[in-house]
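Comments concern the structure below.
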Amino acid sequence: MKNDPKALSIGILAGGLSTRMGSDKAFLQYKNKSFIMHICEELHEFSEVLISCREPEKFAEIGVTIVRDRIKGFGPLEGIYCLLDQCKNENIFICAVDMPLIKKEIVKYMWENKDPGSQCLVVNSEKGPEPLCAIYHKSVVAIIEKMIDNGEHRVSDLISRIDHQTIRLSDGGFSEDAVKNLNTYQEYCSVVRKGKCGKMFEIREEKQGATIIFYPEGELNLTTSPTLAEKITEEKLTDADKVIFELEKLEYLSSAGLRVFLKAAKIINDKDRIIIKNANSEIQDIFELAGFANIATIE
């Protein structure tokens with residue numbers, strides 16, 4: 001083998017705001033694991049795995065090195081800089097957290113084809129260079145520092161300033177889907193869930209006197225249930241005389257979502273004060289099988 005896998009670090013960029021996705025992409029699910037956990041486990045056999053992020057506490061239990069982004073406003077460039085600065089090897093493979101299809105075989109293929117004197121080997125797709133799927137050398141740190149000092153933040157500008165190689169995944173027999181960034185819920189569905197895509201979860205609330213009404217819409221699953229949990233706080237539930245969940249537009253309910261409703265019912269602890277209305281037949285069956293008729297009014 002041309003290059004030893006133990007001489008290559010792995011860096012995952014997980015500091016994005018996930019604005020277009022609507023929830024933190026690091027914790028979207030792929031094969032019953034979060035994106036971040038899936039990538040860490042897939043690439044664990046290399047020298048080390050590091051995660052660049054804004055909120056280290058979210059990743060504390062993953063068991064890899066966490067690197068906090070230090071400068072706001074520079075996006076992935078800052079993450080690449082911090083990962084290069086903290087990794088123990090001279091070279092590090094960088095990928096974004098929204099690439100759950102990345103494979104260790106792809107990274108090995110790239111590593112085997114990187115010239116020792118090159119500052120960067122970057123995947124070249126149909127769209128052009130993919131700087132968030134590349135192997136960088138530590139000598140790039142000084143160049144990024146100058147860019148940050150000058151207020152420059154585009155990663156594409158970095159690639160144009162360094163000695164780099166490009167590589168086509170198709171030449172190694174790999175699909176470019178493996179390095180596709182999943183920026184929207186529709187992209188997530190099309191790639192990860194094979195097109196089985198419902199409406200992205202949303203929730204609004206309304207107060208009518210001492211009654212509070214929640215209107216969840218879309219799919220309530222392992223990924224989206226924390227959004228509902230954050231919305232229905234214990235303070236809101238205990239202060240209201242009556243809590244109504246209007247479920248007419250809720251399309252899907254998983255066991256994780258069911259647990260949120262169960263927690264709310266336990267906090268209220270009064271069947272007449274919690275009302276579940278207009279659930280579709282499948283969701284109504286879930287509530288009935290879970291015994292909700294004993295702890296809530298179902299209409």
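Just so we're on the same page: first chain in the structure tokens is A, next is B, and so on; residues restart at 1 for each chain, and ligands are numbered from 1 in the order they show up.
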DSSP on the backbone, helix (DSSP H, G or I) only: what residues of range 28-166 of chain A does that give? Format it as a ChimeraX atom specification. /A:35-42,56-59,75-86,104-112,140-149,155-161
Report as a ChimeraX atom specification all protein, DNA and RNA residues lying within 8 Å of range 93-106 of chain A, evaluated on only C-alpha atoms, omitting residues in the same chain fewer than 5 positions from it. /A:8-14,25-26,30,35-36,38-39,42-43,80,132-136,169,174,177-183
To test your reading of the structure, identify every residue in range 14-214 of chain A that backbone DSSP assigns to strand (DSSP E), and report it as a PyMOL selection string. chain A and resi 29-30+33-34+48-53+65-68+91-96+120-125+128-137+164-167+202-208+211-214
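If you look at CA of Leu84 in chain A and CA of Met147 in chain A, they are 14.9 Å away from each other.
Distances here use only C-alpha atoms; by that measure, the residue among A:Phe292, A:Tyr109, A:Phe201, A:Phe245 closest to Tyr215 in chain A is A:Phe245.
Residues lying within 12 Å of Phe74 in chain A, counting only C-alpha atoms and ignoring same-chain neighbours fewer than 5 positions away, are Gly15, Gly16, Asp69, Gly79, Ile80, Tyr81, Cys82, Ile144, Glu145, Met147, Ile148, Asp149, Asn150, Gly151, Glu152, His153, Arg154 and Val155 of chain A.
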Pull all heavy atoms from the residues just selected and write them as a short mmCIF file (atom, residue, chain, number, x, y, z; two decimals), in the first residue's frame.
```cif
data_model
loop_
_atom_site.label_atom_id
_atom_site.label_comp_id
_atom_site.auth_asym_id
_atom_site.auth_seq_id
_atom_site.Cartn_x
_atom_site.Cartn_y
_atom_site.Cartn_z
N GLY A 15 -19.97 21.95 12.13
CA GLY A 15 -20.27 23.24 12.75
C GLY A 15 -21.27 24.08 12.01
O GLY A 15 -21.53 25.23 12.37
N GLY A 16 -21.89 23.53 10.96
CA GLY A 16 -22.85 24.30 10.17
C GLY A 16 -24.15 24.54 10.92
O GLY A 16 -24.47 23.86 11.90
N ASP A 69 -14.81 25.29 17.00
CA ASP A 69 -14.54 26.39 16.08
C ASP A 69 -14.28 27.65 16.89
O ASP A 69 -15.01 27.96 17.83
CB ASP A 69 -15.74 26.61 15.15
CG ASP A 69 -15.93 25.46 14.17
OD1 ASP A 69 -15.01 24.65 14.04
OD2 ASP A 69 -17.00 25.39 13.55
N GLY A 79 -13.32 25.57 10.17
CA GLY A 79 -13.30 24.18 10.63
C GLY A 79 -12.09 23.42 10.10
O GLY A 79 -11.44 22.68 10.83
N ILE A 80 -11.78 23.62 8.82
CA ILE A 80 -10.61 22.96 8.22
C ILE A 80 -9.34 23.43 8.93
O ILE A 80 -8.44 22.63 9.24
CB ILE A 80 -10.54 23.26 6.71
CG1 ILE A 80 -11.72 22.61 5.99
CG2 ILE A 80 -9.21 22.75 6.12
CD1 ILE A 80 -11.85 23.02 4.54
N TYR A 81 -9.27 24.72 9.19
CA TYR A 81 -8.10 25.29 9.88
C TYR A 81 -7.91 24.65 11.26
O TYR A 81 -6.81 24.21 11.62
CB TYR A 81 -8.27 26.80 10.02
CG TYR A 81 -7.23 27.45 10.89
CD1 TYR A 81 -5.93 27.66 10.44
CD2 TYR A 81 -7.55 27.86 12.19
CE1 TYR A 81 -4.97 28.25 11.25
CE2 TYR A 81 -6.60 28.45 13.01
CZ TYR A 81 -5.31 28.64 12.53
OH TYR A 81 -4.37 29.22 13.34
N CYS A 82 -8.99 24.57 12.04
CA CYS A 82 -8.89 24.02 13.39
C CYS A 82 -8.53 22.53 13.37
O CYS A 82 -7.74 22.07 14.19
CB CYS A 82 -10.21 24.22 14.13
SG CYS A 82 -10.57 25.95 14.55
N ILE A 144 -4.33 29.33 5.19
CA ILE A 144 -5.66 29.65 5.74
C ILE A 144 -5.56 30.82 6.71
O ILE A 144 -6.43 31.70 6.73
CB ILE A 144 -6.27 28.42 6.43
CG1 ILE A 144 -6.48 27.28 5.43
CG2 ILE A 144 -7.61 28.78 7.08
CD1 ILE A 144 -7.05 26.01 6.02
N GLU A 145 -4.50 30.85 7.51
CA GLU A 145 -4.31 31.96 8.45
C GLU A 145 -4.29 33.30 7.72
O GLU A 145 -4.90 34.28 8.15
CB GLU A 145 -3.03 31.77 9.25
CG GLU A 145 -3.13 30.68 10.31
CD GLU A 145 -1.82 30.48 11.05
OE1 GLU A 145 -0.76 30.91 10.52
OE2 GLU A 145 -1.84 29.89 12.14
N MET A 147 -5.65 33.94 4.81
CA MET A 147 -6.98 34.21 4.29
C MET A 147 -7.90 34.77 5.37
O MET A 147 -8.64 35.73 5.14
CB MET A 147 -7.57 32.91 3.71
CG MET A 147 -6.90 32.43 2.44
SD MET A 147 -7.65 30.89 1.79
CE MET A 147 -9.29 31.47 1.33
N ILE A 148 -7.84 34.18 6.55
CA ILE A 148 -8.67 34.66 7.66
C ILE A 148 -8.28 36.08 8.04
O ILE A 148 -9.14 36.94 8.29
CB ILE A 148 -8.58 33.70 8.86
CG1 ILE A 148 -9.25 32.36 8.51
CG2 ILE A 148 -9.22 34.31 10.11
CD1 ILE A 148 -9.12 31.29 9.58
N ASP A 149 -6.99 36.35 8.08
CA ASP A 149 -6.52 37.71 8.40
C ASP A 149 -7.04 38.72 7.39
O ASP A 149 -7.30 39.89 7.73
CB ASP A 149 -4.99 37.75 8.42
CG ASP A 149 -4.40 37.05 9.64
OD1 ASP A 149 -5.15 36.82 10.61
OD2 ASP A 149 -3.20 36.72 9.62
N ASN A 150 -7.20 38.28 6.15
CA ASN A 150 -7.69 39.17 5.08
C ASN A 150 -9.21 39.16 4.96
O ASN A 150 -9.76 39.79 4.05
CB ASN A 150 -7.07 38.76 3.74
CG ASN A 150 -5.57 39.02 3.69
OD1 ASN A 150 -5.06 39.92 4.34
ND2 ASN A 150 -4.86 38.20 2.91
N GLY A 151 -9.88 38.43 5.84
CA GLY A 151 -11.34 38.38 5.81
C GLY A 151 -11.91 37.52 4.71
O GLY A 151 -13.09 37.63 4.37
N GLU A 152 -11.10 36.61 4.17
CA GLU A 152 -11.56 35.73 3.09
C GLU A 152 -12.04 34.40 3.69
O GLU A 152 -11.41 33.86 4.59
CB GLU A 152 -10.42 35.45 2.11
CG GLU A 152 -9.84 36.72 1.48
CD GLU A 152 -8.60 36.42 0.67
OE1 GLU A 152 -8.75 35.91 -0.46
OE2 GLU A 152 -7.48 36.67 1.18
N HIS A 153 -13.16 33.90 3.19
CA HIS A 153 -13.73 32.71 3.81
C HIS A 153 -14.14 31.61 2.84
O HIS A 153 -14.61 30.55 3.27
CB HIS A 153 -14.97 33.10 4.63
CG HIS A 153 -16.09 33.66 3.79
ND1 HIS A 153 -16.16 35.00 3.49
CD2 HIS A 153 -17.14 33.06 3.19
CE1 HIS A 153 -17.23 35.19 2.73
NE2 HIS A 153 -17.84 34.06 2.54
N ARG A 154 -13.96 31.80 1.55
CA ARG A 154 -14.40 30.79 0.59
C ARG A 154 -13.38 29.65 0.47
O ARG A 154 -12.20 29.88 0.18
CB ARG A 154 -14.63 31.43 -0.78
CG ARG A 154 -15.78 32.40 -0.80
CD ARG A 154 -15.91 33.06 -2.17
NE ARG A 154 -16.10 32.07 -3.23
CZ ARG A 154 -16.21 32.39 -4.51
NH1 ARG A 154 -16.14 33.67 -4.88
NH2 ARG A 154 -16.38 31.45 -5.42
N VAL A 155 -13.84 28.42 0.70
CA VAL A 155 -12.96 27.27 0.62
C VAL A 155 -12.47 27.06 -0.81
O VAL A 155 -11.36 26.59 -1.03
CB VAL A 155 -13.67 26.00 1.14
CG1 VAL A 155 -12.72 24.81 1.13
CG2 VAL A 155 -14.20 26.22 2.55
#
```
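Every protein, DNA or RNA residue with an atom at most 10 Å from Asp85 in chain A, where only C-alpha atoms count and chain neighbours fewer than 6 positions away do not, is listed here: Val67, Gly79, Lys138, Ser139, Val140, Val141 and Ala142 of chain A.
CA of Leu253 in chain A sits 5.0 Å away from CA of Leu220 in chain A.
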Just want the 9 Å neighbourhood of Leu222 in chain A, counted on only C-alpha atoms, with same-chain residues fewer than 3 positions away dropped. Output as a VMD selection string. chain A and resid 28 to 29 225 to 226 254 to 257
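Atom pair CA of Lys242 in chain A / CA of Phe261 in chain A: separated by 14.5 Å.
Here the question is which of A:Asp4, A:Ser281, A:Leu17, A:Ala60 gets nearest to Glu45 in chain A using only C-alpha atoms, and that residue is A:Asp4.
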Considering only C-alpha atoms, can you say which of A:Ile167, A:Ala279, A:Ile92, A:Ile66 comes closest to Asn113 in chain A? A:Ile167
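The list of residues with at least one atom within 7 Å of Ala210 in chain A, based on only C-alpha atoms and without residues fewer than 2 positions apart in the same chain, reads A:Gln208, A:Ile212, A:Ala240, A:Asp241, A:Lys242.
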Writer output for current selection, N, CA, C and O atoms, as a tab-separated table (two decimals), in the first residue's frame:
```
chain	number	residue	atom	x	y	z
A	208	GLN	N	-55.49	30.14	23.74
A	208	GLN	CA	-56.86	30.62	23.81
A	208	GLN	C	-57.24	30.66	25.28
A	208	GLN	O	-57.66	29.65	25.86
A	212	ILE	N	-53.86	25.91	25.75
A	212	ILE	CA	-52.78	26.00	24.77
A	212	ILE	C	-52.97	24.87	23.76
A	212	ILE	O	-53.25	23.73	24.12
A	240	ALA	N	-51.08	25.61	31.92
A	240	ALA	CA	-52.32	25.60	31.14
A	240	ALA	C	-53.42	24.80	31.83
A	240	ALA	O	-53.17	23.77	32.45
A	241	ASP	N	-54.65	25.28	31.72
A	241	ASP	CA	-55.80	24.53	32.23
A	241	ASP	C	-56.08	23.33	31.33
A	241	ASP	O	-56.54	22.28	31.81
A	242	LYS	N	-55.82	23.51	30.04
A	242	LYS	CA	-56.07	22.44	29.09
A	242	LYS	C	-55.02	22.50	27.99
A	242	LYS	O	-54.64	23.58	27.53
```
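The residue that comes closest to Ile274 in chain A, out of A:Thr238, A:Ser125, A:Gln165, A:Thr224 and on the basis of only C-alpha atoms, is A:Thr238.
If only C-alpha atoms are the atoms counted, then among A:Lys207, A:Arg161, A:Lys146, A:Lys127 the closest residue to Glu176 in chain A is A:Lys127.
Shortest separation to Thr223 in chain A among A:Tyr188, A:Glu206, A:Lys6, A:Lys263 occurs at residue A:Tyr188, atoms counted being only C-alpha atoms.
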Shell around Ile203 in chain A at 12 Å using only C-alpha atoms, local window under 2 positions removed, as a PyMOL selection string: chain A and resi 22+199-201+205-206+213-220+224-232+245-247+249-250
